[in-house]
>>> print(open('query.cif').read())   # mmCIF, C-alpha atoms and all ligand atoms
data_final
loop_
_atom_site.group_PDB
_atom_site.id
_atom_site.type_symbol
_atom_site.label_atom_id
_atom_site.label_comp_id
_atom_site.auth_asym_id
_atom_site.auth_seq_id
_atom_site.Cartn_x
_atom_site.Cartn_y
_atom_site.Cartn_z
ATOM 1 C CA MET A 1 114.677 133.834 75.802
ATOM 2 C CA SER A 2 112.182 131.959 77.895
ATOM 3 C CA HIS A 3 113.842 129.556 80.222
ATOM 4 C CA ASP A 4 111.093 128.812 82.669
ATOM 5 C CA LYS A 5 110.697 125.246 81.487
ATOM 6 C CA LYS A 6 112.981 122.566 82.799
ATOM 7 C CA ASP A 7 115.096 120.287 80.724
ATOM 8 C CA CYS A 8 113.915 116.676 80.649
ATOM 9 C CA SER A 9 117.367 115.326 81.438
ATOM 10 C CA GLU A 10 117.581 117.681 84.370
ATOM 11 C CA VAL A 11 114.137 116.664 85.567
ATOM 12 C CA ILE A 12 114.948 112.973 85.375
ATOM 13 C CA HIS A 13 118.088 113.599 87.384
ATOM 14 C CA GLN A 14 116.092 115.514 89.968
ATOM 15 C CA ILE A 15 113.359 112.893 90.091
ATOM 16 C CA LEU A 16 115.653 110.670 92.118
ATOM 17 C CA VAL A 17 116.208 113.471 94.618
ATOM 18 C CA PHE A 18 112.545 114.360 94.477
ATOM 19 C CA ILE A 19 111.488 110.826 95.388
ATOM 20 C CA ASP A 20 113.875 110.851 98.307
ATOM 21 C CA ASN A 21 112.113 113.990 99.549
ATOM 22 C CA GLU A 22 115.412 115.836 99.545
ATOM 23 C CA LEU A 23 114.284 118.573 97.199
ATOM 24 C CA ASP A 24 113.258 121.980 98.415
ATOM 25 C CA GLN A 25 109.645 123.042 98.094
ATOM 26 C CA ALA A 26 110.172 125.281 95.071
ATOM 27 C CA SER A 27 111.977 122.593 93.083
ATOM 28 C CA CYS A 28 109.334 120.057 94.044
ATOM 29 C CA GLY A 29 106.700 122.294 92.490
ATOM 30 C CA GLU A 30 108.700 122.638 89.294
ATOM 31 C CA ILE A 31 109.240 118.912 88.989
ATOM 32 C CA GLN A 32 105.622 118.155 89.698
ATOM 33 C CA GLN A 33 104.523 120.650 87.086
ATOM 34 C CA HIS A 34 106.887 119.168 84.547
ATOM 35 C CA LEU A 35 105.598 115.672 85.295
ATOM 36 C CA ASP A 36 102.100 116.936 84.641
ATOM 37 C CA GLU A 37 103.077 118.044 81.156
ATOM 38 C CA CYS A 38 105.724 115.532 80.161
ATOM 39 C CA GLY A 39 104.785 111.896 79.587
ATOM 40 C CA PRO A 40 108.295 110.381 79.385
ATOM 41 C CA CYS A 41 109.370 112.062 82.609
ATOM 42 C CA LEU A 42 106.186 110.951 84.345
ATOM 43 C CA LYS A 43 106.891 107.416 83.211
ATOM 44 C CA GLU A 44 110.418 107.596 84.588
ATOM 45 C CA TYR A 45 109.049 109.030 87.807
ATOM 46 C CA ASN A 46 106.522 106.225 88.195
ATOM 47 C CA LEU A 47 109.204 103.641 87.522
ATOM 48 C CA GLU A 48 111.562 105.112 90.084
ATOM 49 C CA ARG A 49 108.753 105.447 92.574
ATOM 50 C CA THR A 50 107.767 101.819 92.119
ATOM 51 C CA VAL A 51 111.335 100.706 92.699
ATOM 52 C CA LYS A 52 111.574 102.965 95.700
ATOM 53 C CA ALA A 53 108.346 101.620 97.181
ATOM 54 C CA LEU A 54 109.485 98.076 96.621
ATOM 55 C CA VAL A 55 112.750 98.815 98.368
ATOM 56 C CA ALA A 56 111.154 100.723 101.226
ATOM 57 C CA ARG A 57 108.932 97.761 101.924
ATOM 58 C CA SER A 58 111.790 95.293 102.203
ATOM 59 C CA CYS A 59 114.486 97.333 103.958
ATOM 60 C CA PRO A 60 113.839 100.957 104.875
ATOM 61 C CA GLU A 61 117.073 101.692 106.703
ATOM 62 C CA GLN A 62 119.779 100.912 104.182
ATOM 63 C CA ALA A 63 121.852 103.256 102.088
ATOM 64 C CA PRO A 64 120.340 104.164 98.715
ATOM 65 C CA GLN A 65 123.033 102.441 96.717
ATOM 66 C CA GLU A 66 122.626 99.230 98.653
ATOM 67 C CA LEU A 67 118.894 99.504 98.188
ATOM 68 C CA ARG A 68 119.330 99.708 94.489
ATOM 69 C CA GLU A 69 121.407 96.560 94.453
ATOM 70 C CA LYS A 70 118.815 94.803 96.581
ATOM 71 C CA VAL A 71 116.104 95.816 94.186
ATOM 72 C CA LEU A 72 118.082 94.519 91.259
ATOM 73 C CA LEU A 73 118.559 91.286 93.160
ATOM 74 C CA ARG A 74 114.858 91.181 93.951
ATOM 75 C CA ILE A 75 114.008 91.752 90.314
ATOM 76 C CA ARG A 76 116.278 88.873 89.388
ATOM 77 C CA GLU A 77 114.544 86.685 91.967
ATOM 78 C CA VAL A 78 111.164 87.604 90.559
ATOM 79 C CA HIS A 79 112.473 86.850 87.105
ATOM 80 C CA VAL A 80 113.602 83.418 88.272
ATOM 81 C CA SER A 81 110.288 82.663 89.945
ATOM 82 C CA LEU A 82 108.479 83.802 86.820
ATOM 83 C CA TYR A 83 110.427 81.620 84.460
ATOM 84 C CA GLY A 84 110.935 78.792 86.933
ATOM 85 C CA SER A 85 114.150 77.554 88.470
ATOM 86 C CA ALA A 86 114.159 74.784 85.913
ATOM 87 C CA GLY A 87 116.270 76.645 83.418
ATOM 88 C CA PRO A 88 118.393 75.308 80.605
ATOM 89 C CA GLU A 89 121.026 74.257 83.122
ATOM 90 C CA VAL A 90 118.896 71.504 84.641
ATOM 91 C CA GLY A 91 119.174 68.896 81.926
ATOM 92 C CA GLY A 92 122.840 68.389 82.694
ATOM 93 C CA HIS A 93 123.318 64.729 81.971
ATOM 94 C CA LEU A 94 127.019 65.424 81.551
ATOM 95 C CA ASP A 95 127.786 65.944 85.241
ATOM 96 C CA SER A 96 125.193 63.598 86.683
ATOM 97 C CA PRO A 97 126.759 61.347 89.297
ATOM 98 C CA SER A 98 127.302 57.995 87.675
ATOM 99 C CA ALA A 99 126.839 55.772 90.663
ATOM 100 C CA PRO A 100 127.553 52.177 89.825
HETATM 101 ZN ZN ZN A 201 110.282 115.849 80.569
#
>>> encode(input="query.cif", output="structure tokens")
Amino acid sequence: MSHDKKDCSEVIHQILVFIDNELDQASCGEIQQHLDECGPCLKEYNLERTVKALVARSCPEQAPQELREKVLLRIREVHVSLYGSAGPEVGGHLDSPSAP
């Protein structure tokens, strides 16, 4: 049985380690080769790398898990700025201060 090709799920798991540069040289080569041949994994890799780059730019010295939360927060902020702060909650005539 030929088992020289990596499993996609395994590759995607290793991509996170790979991006953090915590993978040994041999594994790096395997991942890179797989990314060359596998579109979905390459897509996942690009996505993770984009997130990583975004995080690295804003706060390079935090723990990975905190970074992830910051990125999610950042994404939410971007989402808000894209769709405007004037959401459906603005037209609240119910709790407007009725000053006499
Ligand atoms: Zn794959």
>>> resolve_selection(input="query.cif", expression="the PyMOL selection byres (((not hetatm)) within 7 of (chain A and resi 201))", output="list in words")
Asp7, Cys8, Val11, His34, Leu35, Cys38, Gly39, Pro40 and Cys41 of chain A
>>> closest_residue(input="query.cif", among="A:Val78, A:Lys70, A:Leu54, A:Glu48", to="Val17 (chain A)", atoms="all atoms listed in the file")
A:Glu48
>>> atom_distance(input="query.cif", atom1="CA of Arg68 (chain A)", atom2="CA of Tyr45 (chain A)")
15.4 Å
>>> residues_around(input="query.cif", residues="Leu23 (chain A)", least_positions_apart="5", cutoff="12 Å", atoms="all atoms listed in the file", output="number ranges by chain")
A: 11, 13-18, 28-32
>>> axis_aligned_box(input="query.cif", around="region 63-75 of chain A", padding_each_side="6 Å", output="lines of an AutoDock Vina configuration file")
center_x = 118.5
center_y = 97.7
center_z = 96.2
size_x = 21.0
size_y = 25.0
size_z = 23.8
>>> atom_distance(input="query.cif", atom1="CA of Ser9 (chain A)", atom2="CA of Glu44 (chain A)")
10.9 Å
>>> atom_distance(input="query.cif", atom1="CA of Val51 (chain A)", atom2="CA of Val71 (chain A)")
7.0 Å
>>> residues_near_point(input="query.cif", point="(110.7, 93.3, 100.7)", cutoff="12 Å", atoms="all atoms listed in the file", output="PyMOL selection string")
chain A and resi 51-60+67+70-71+73-75+77-78
>>> closest_residue(input="query.cif", among="A:Gln65, A:Ser81, A:Asn46, A:Ser27", to="Lys6 (chain A)", atoms="all atoms listed in the file")
A:Ser27
